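Right, one structure below, let's go through it.
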Amino acid sequence: MTSFWHPFADMAALEAAGPLTIVRGEGSHIWDTEGNRYLDATAGLWFVNVGHGRRELADAAAAQMSRLAAYHTFGDITNEPTEAVTARVAALAPIEEPKVFLTSGGSDSIDTATKIVRRYWSVRGEPQRTVLIRRERAYHGMHTGGTSLAGIPANAEGYGGLLADVAEAAWDDADALQETIQRIGSGRVAAFFCEPVIGAGGVYPPPPGYLDKARTVCRDAGVLFVADEVIPGFGRCGDWFASGRFGLEPDLITCAKGITSGYIPLGAVIVAPTVWEPFWTPGTGMFRHGYTYSGHATASAVAMANLDIIERERLLERAVQLEASLAAALAPLADHPVVSEVRSGTGVLAAVQIDPERLAADPSLMRRLVPTGRRHGIMSRVLATGALQISPPLVLTDTEVDELASGLRAALDDLEA
Ligand SMILES: Cc1ncc(COP(=O)(O)O)c(C=O)c1O
């Protein structure tokens with residue numbers, strides 16, 4: 001029996017079937033202990049933007065660790081890599097003159113954002129503005145804040161009372177968001193949390209006009225707009241941030257994953273001046289929030305080296321190309337008998353939706369999806385809707401796009417048989 005309690009796992013089933021041990025990665029591929037090679041169709045969990053096996057990132061970590069691995073940053077303490085990475089992220093963000101609060105990952109960033117927005121209204125003399133609005137299908141991580149904001153109902157089941165004052169709006173309808181705000185009373189709503197492209201909830205690109213309208217609704221109601229860019233941040237949507245691509249001008253951006261391409265855990269909350277200014281005003285006092293590893297020197301150094309690679313190798317441009325070539329390569333799969341839909345075309349993000357009727361008729365189908373893909377050299381995973389997640393590294397080559405599409409087709413044929 002393993003001592004490792006896997007995240008998001010049925011441990012009884014896992015003990016029966018055994019784990020899959022991944023030992024090596026290079027570019028867009030990973031290998032298991034048996035020497036089997038897989039195309040990493042998901043970039044880990046949407047994070048390995050620069051691909052696997054980058055010696056440069058290991059070297060950056062080693063150099064920083066030999067000098068100063070980490071020192072806390074509570075109060076007045078700082079370190080050079082942290083100063084450098086916050087300045088760099090601030091300059092890249094589609095927000096003028098932001099401040100950057102560092103965390104250890106996406107869930108930390110979301111919890112931090114829930115506190116910043118509520119505390120902001122409290123400091124501004126409107127402490128009754130506590131309501132947080134999420135969208136259906138939303139995934140905002142698994143800390144208490146993020147679990148409370150789960151638009152995937154199963155993710156919030158069985159935990160008793162989570163955060164109070166949370167409401168839900170339809171994922172695709174800005175009028176419904178406006179009605180929700182009006183029903184609650186705009187004077188009670190603190191913020192709207194929005195993934196520009198819904199990720200773990202099934203990869204749903206924003207319907208045309210939705211984001212613009214939702215942004216206007218929030219602006220008109222004085223509701224803060226939090227763009228959860230844990231997935232698209234740092235290149236996946238062909239810009240440093242999806243907020244830039246969509247002209248969102250958010251009040252806060254939460255991010256993680258691509259900031260280090262997952263080589264070391266790091267997250268960030270990027271905060272616009274309207275929101276940070278009260279915290280910089282004499283008399284406000286301390287924001288009593290932070291993590292042991294907020295401003296971790298080695299994580300910051302690795303982030304700097306990762307951003308160097310993204311810039312040097314023009315991975316934003318590559319993402320724009322991949323957005324089109326991936327969509328074109330996957331589109332024919334929509335006609336496959338076991339597939340009901342392929343969602344793609346916004347960023348290096350796609351979902352191959354297995355026909356819900358087939359899934360309902362054959363409960364074993366869901367269980368067979370991932371292993372069948374693996375047998376054909378494709379490492380993917382199943383999202384909440386019963387779709388295969390496709391979010392490869394941004395270094396995916398044109399040949400690997402073909403490898404991905406043909407491997408998926410072979411796996412789907414196998415499932416059909
Ligand atoms: C949109 C979004 N927000 C938050 C998170 C949580 O990030 P983490 O798993 O790093 O805590 C995720 C993770 O996938 C995510 O997709």
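Chain labels A, B, ... are given in the sequence in which chains occur in the structure tokens; within each chain residues are numbered consecutively from 1, and ligands are likewise numbered from 1 in the order shown.
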- Task: Could you give me the residues within 7 Å of ligand 1, counting only C-alpha atoms and all ligand atoms, as a list of chain:residue names?
- Result: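 Within the 7 Å cut-off, the matching residues are A:Leu45, A:Gly105, A:Gly106, A:Ser107, A:Asp108, A:Ile110, A:Tyr139, A:His140, A:Gly141, A:Met142, A:Glu195, A:Gly199, A:Ala200, A:Asp228, A:Glu229, A:Val230, A:Ile231, A:Ala256, A:Lys257.
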- Task: Give the strand (DSSP E or B) residues of segment 176-387 of chain A, as assigned by DSSP on the backbone, as a ChimeraX atom specification.
- Result: /A:189-194,198,204,224-228,252-255,267-271,339-343,350-354,378-379,382,387
Within 7 Å of segment 53-76 of chain A: each segment 274-298 of chain A residue with its shortest pair, only C-alpha atoms, as CSV:
```
residue,atom,partner,partner_atom,distance
A:Thr292,CA,A:His72,CA,6.2
A:Tyr293,CA,A:His72,CA,6.7
A:Ser294,CA,A:Thr73,CA,6.8
A:Gly295,CA,A:Thr73,CA,6.1
A:His296,CA,A:Ala70,CA,5.3
A:Ala297,CA,A:Ala70,CA,4.9
A:Thr298,CA,A:Ala69,CA,5.4
```
- Straight-line distance linking atom CA of Leu396 of chain A with atom CA of Gly377 of chain A, stated in Å to one decimal: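 Spanning atom CA of Leu396 of chain A to atom CA of Gly377 of chain A is a straight-line distance of 15.0 Å.
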- Query: Got a sec: who's within 8 Å of Asn306 of chain A, counting only C-alpha atoms, leaving out chain neighbours fewer than 3 positions off, as a VMD selection string?
  - Reply: chain A and resid 50 57 259 to 261 302 to 303 309 to 310
Atoms kept (C-alpha atoms) for selection, written as a short mmCIF file (atom, residue, chain, number, x, y, z; two decimals), in the first residue's frame:
```
data_model
loop_
_atom_site.label_atom_id
_atom_site.label_comp_id
_atom_site.auth_asym_id
_atom_site.auth_seq_id
_atom_site.Cartn_x
_atom_site.Cartn_y
_atom_site.Cartn_z
CA VAL A 50 8.04 25.97 -21.77
CA LEU A 57 15.47 26.39 -14.94
CA ILE A 259 4.68 31.83 -14.12
CA THR A 260 7.28 29.10 -13.49
CA SER A 261 5.93 26.53 -15.98
CA VAL A 302 13.02 30.23 -11.48
CA ALA A 303 10.12 32.44 -12.58
CA ILE A 309 12.52 31.46 -22.10
CA ILE A 310 8.98 32.55 -22.97
#
```
Can you list, as an mmCIF file with N, CA and C atoms, in the first residue's frame, all residues belonging to segment 281-333 of chain A that DSSP tags as alpha helix (DSSP H)?
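As written to disk, out10.cif reads:
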```cif
data_model
loop_
_atom_site.group_PDB
_atom_site.id
_atom_site.type_symbol
_atom_site.label_atom_id
_atom_site.label_comp_id
_atom_site.auth_asym_id
_atom_site.auth_seq_id
_atom_site.Cartn_x
_atom_site.Cartn_y
_atom_site.Cartn_z
ATOM 1 N N ALA A 297 12.622 33.099 -2.553
ATOM 2 C CA ALA A 297 13.696 33.572 -3.444
ATOM 3 C C ALA A 297 13.929 32.613 -4.614
ATOM 4 N N THR A 298 13.966 31.316 -4.343
ATOM 5 C CA THR A 298 14.245 30.370 -5.439
ATOM 6 C C THR A 298 13.086 30.316 -6.425
ATOM 7 N N ALA A 299 11.848 30.328 -5.918
ATOM 8 C CA ALA A 299 10.695 30.325 -6.822
ATOM 9 C C ALA A 299 10.740 31.564 -7.718
ATOM 10 N N SER A 300 11.112 32.693 -7.143
ATOM 11 C CA SER A 300 11.188 33.932 -7.930
ATOM 12 C C SER A 300 12.286 33.840 -8.981
ATOM 13 N N ALA A 301 13.426 33.265 -8.617
ATOM 14 C CA ALA A 301 14.537 33.145 -9.571
ATOM 15 C C ALA A 301 14.154 32.229 -10.733
ATOM 16 N N VAL A 302 13.453 31.148 -10.417
ATOM 17 C CA VAL A 302 13.019 30.226 -11.480
ATOM 18 C C VAL A 302 11.991 30.917 -12.379
ATOM 19 N N ALA A 303 11.105 31.702 -11.775
ATOM 20 C CA ALA A 303 10.119 32.439 -12.582
ATOM 21 C C ALA A 303 10.823 33.375 -13.557
ATOM 22 N N MET A 304 11.861 34.068 -13.084
ATOM 23 C CA MET A 304 12.605 34.978 -13.975
ATOM 24 C C MET A 304 13.188 34.205 -15.159
ATOM 25 N N ALA A 305 13.797 33.053 -14.880
ATOM 26 C CA ALA A 305 14.405 32.264 -15.961
ATOM 27 C C ALA A 305 13.330 31.729 -16.914
ATOM 28 N N ASN A 306 12.175 31.371 -16.361
ATOM 29 C CA ASN A 306 11.062 30.871 -17.182
ATOM 30 C C ASN A 306 10.526 31.981 -18.098
ATOM 31 N N LEU A 307 10.400 33.185 -17.553
ATOM 32 C CA LEU A 307 9.918 34.310 -18.373
ATOM 33 C C LEU A 307 10.939 34.647 -19.465
ATOM 34 N N ASP A 308 12.236 34.466 -19.138
ATOM 35 C CA ASP A 308 13.280 34.662 -20.165
ATOM 36 C C ASP A 308 13.037 33.715 -21.344
ATOM 37 N N ILE A 309 12.737 32.447 -21.024
ATOM 38 C CA ILE A 309 12.524 31.460 -22.101
ATOM 39 C C ILE A 309 11.298 31.844 -22.923
ATOM 40 N N ILE A 310 10.209 32.201 -22.241
ATOM 41 C CA ILE A 310 8.976 32.554 -22.972
ATOM 42 C C ILE A 310 9.261 33.704 -23.949
ATOM 43 N N GLU A 311 10.051 34.685 -23.475
ATOM 44 C CA GLU A 311 10.370 35.832 -24.347
ATOM 45 C C GLU A 311 11.316 35.432 -25.468
ATOM 46 N N ARG A 312 12.407 34.766 -25.089
ATOM 47 C CA ARG A 312 13.450 34.446 -26.073
ATOM 48 C C ARG A 312 12.925 33.534 -27.184
ATOM 49 N N LEU A 315 7.224 32.424 -27.312
ATOM 50 C CA LEU A 315 6.172 31.433 -27.091
ATOM 51 C C LEU A 315 4.771 32.036 -27.157
ATOM 52 N N LEU A 316 4.664 33.363 -27.008
ATOM 53 C CA LEU A 316 3.330 33.957 -27.184
ATOM 54 C C LEU A 316 2.907 33.833 -28.649
ATOM 55 N N GLU A 317 3.867 34.133 -29.549
ATOM 56 C CA GLU A 317 3.561 33.990 -30.980
ATOM 57 C C GLU A 317 3.271 32.523 -31.308
ATOM 58 N N ARG A 318 4.065 31.641 -30.716
ATOM 59 C CA ARG A 318 3.855 30.210 -30.970
ATOM 60 C C ARG A 318 2.447 29.795 -30.512
ATOM 61 N N ALA A 319 2.014 30.363 -29.374
ATOM 62 C CA ALA A 319 0.679 30.027 -28.868
ATOM 63 C C ALA A 319 -0.404 30.469 -29.856
ATOM 64 N N VAL A 320 -0.185 31.626 -30.485
ATOM 65 C CA VAL A 320 -1.171 32.099 -31.480
ATOM 66 C C VAL A 320 -1.247 31.113 -32.647
ATOM 67 N N GLN A 321 -0.058 30.632 -33.098
ATOM 68 C CA GLN A 321 -0.055 29.651 -34.192
ATOM 69 C C GLN A 321 -0.724 28.358 -33.756
ATOM 70 N N LEU A 322 -0.372 27.918 -32.555
ATOM 71 C CA LEU A 322 -0.912 26.643 -32.066
ATOM 72 C C LEU A 322 -2.421 26.705 -31.866
ATOM 73 N N GLU A 323 -2.907 27.865 -31.453
ATOM 74 C CA GLU A 323 -4.356 28.019 -31.265
ATOM 75 C C GLU A 323 -5.082 27.592 -32.549
ATOM 76 N N ALA A 324 -4.558 28.070 -33.696
ATOM 77 C CA ALA A 324 -5.199 27.757 -34.982
ATOM 78 C C ALA A 324 -4.912 26.320 -35.411
ATOM 79 N N SER A 325 -3.645 25.889 -35.305
ATOM 80 C CA SER A 325 -3.313 24.567 -35.844
ATOM 81 C C SER A 325 -3.922 23.457 -34.982
ATOM 82 N N LEU A 326 -3.988 23.699 -33.689
ATOM 83 C CA LEU A 326 -4.594 22.699 -32.802
ATOM 84 C C LEU A 326 -6.091 22.580 -33.108
ATOM 85 N N ALA A 327 -6.751 23.734 -33.248
ATOM 86 C CA ALA A 327 -8.196 23.710 -33.541
ATOM 87 C C ALA A 327 -8.444 22.986 -34.863
ATOM 88 N N ALA A 328 -7.595 23.267 -35.873
ATOM 89 C CA ALA A 328 -7.782 22.631 -37.185
ATOM 90 C C ALA A 328 -7.544 21.123 -37.089
ATOM 91 N N ALA A 329 -6.527 20.725 -36.320
ATOM 92 C CA ALA A 329 -6.198 19.299 -36.231
ATOM 93 C C ALA A 329 -7.249 18.519 -35.442
ATOM 94 N N LEU A 330 -7.860 19.176 -34.469
ATOM 95 C CA LEU A 330 -8.829 18.460 -33.619
ATOM 96 C C LEU A 330 -10.247 18.497 -34.195
#
```
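Nearest to Thr281 of chain A of all the residues A:Gly44, A:Glu15, A:Tyr120, A:Thr21 is A:Tyr120, counting only C-alpha atoms.
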- Selected residue of minimal separation from Ala384 of chain A among A:Gly407, A:Gly145, A:Gly247, A:Gly202, counting only C-alpha atoms: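 Among the listed residues, A:Gly202 lies closest to Ala384 of chain A.
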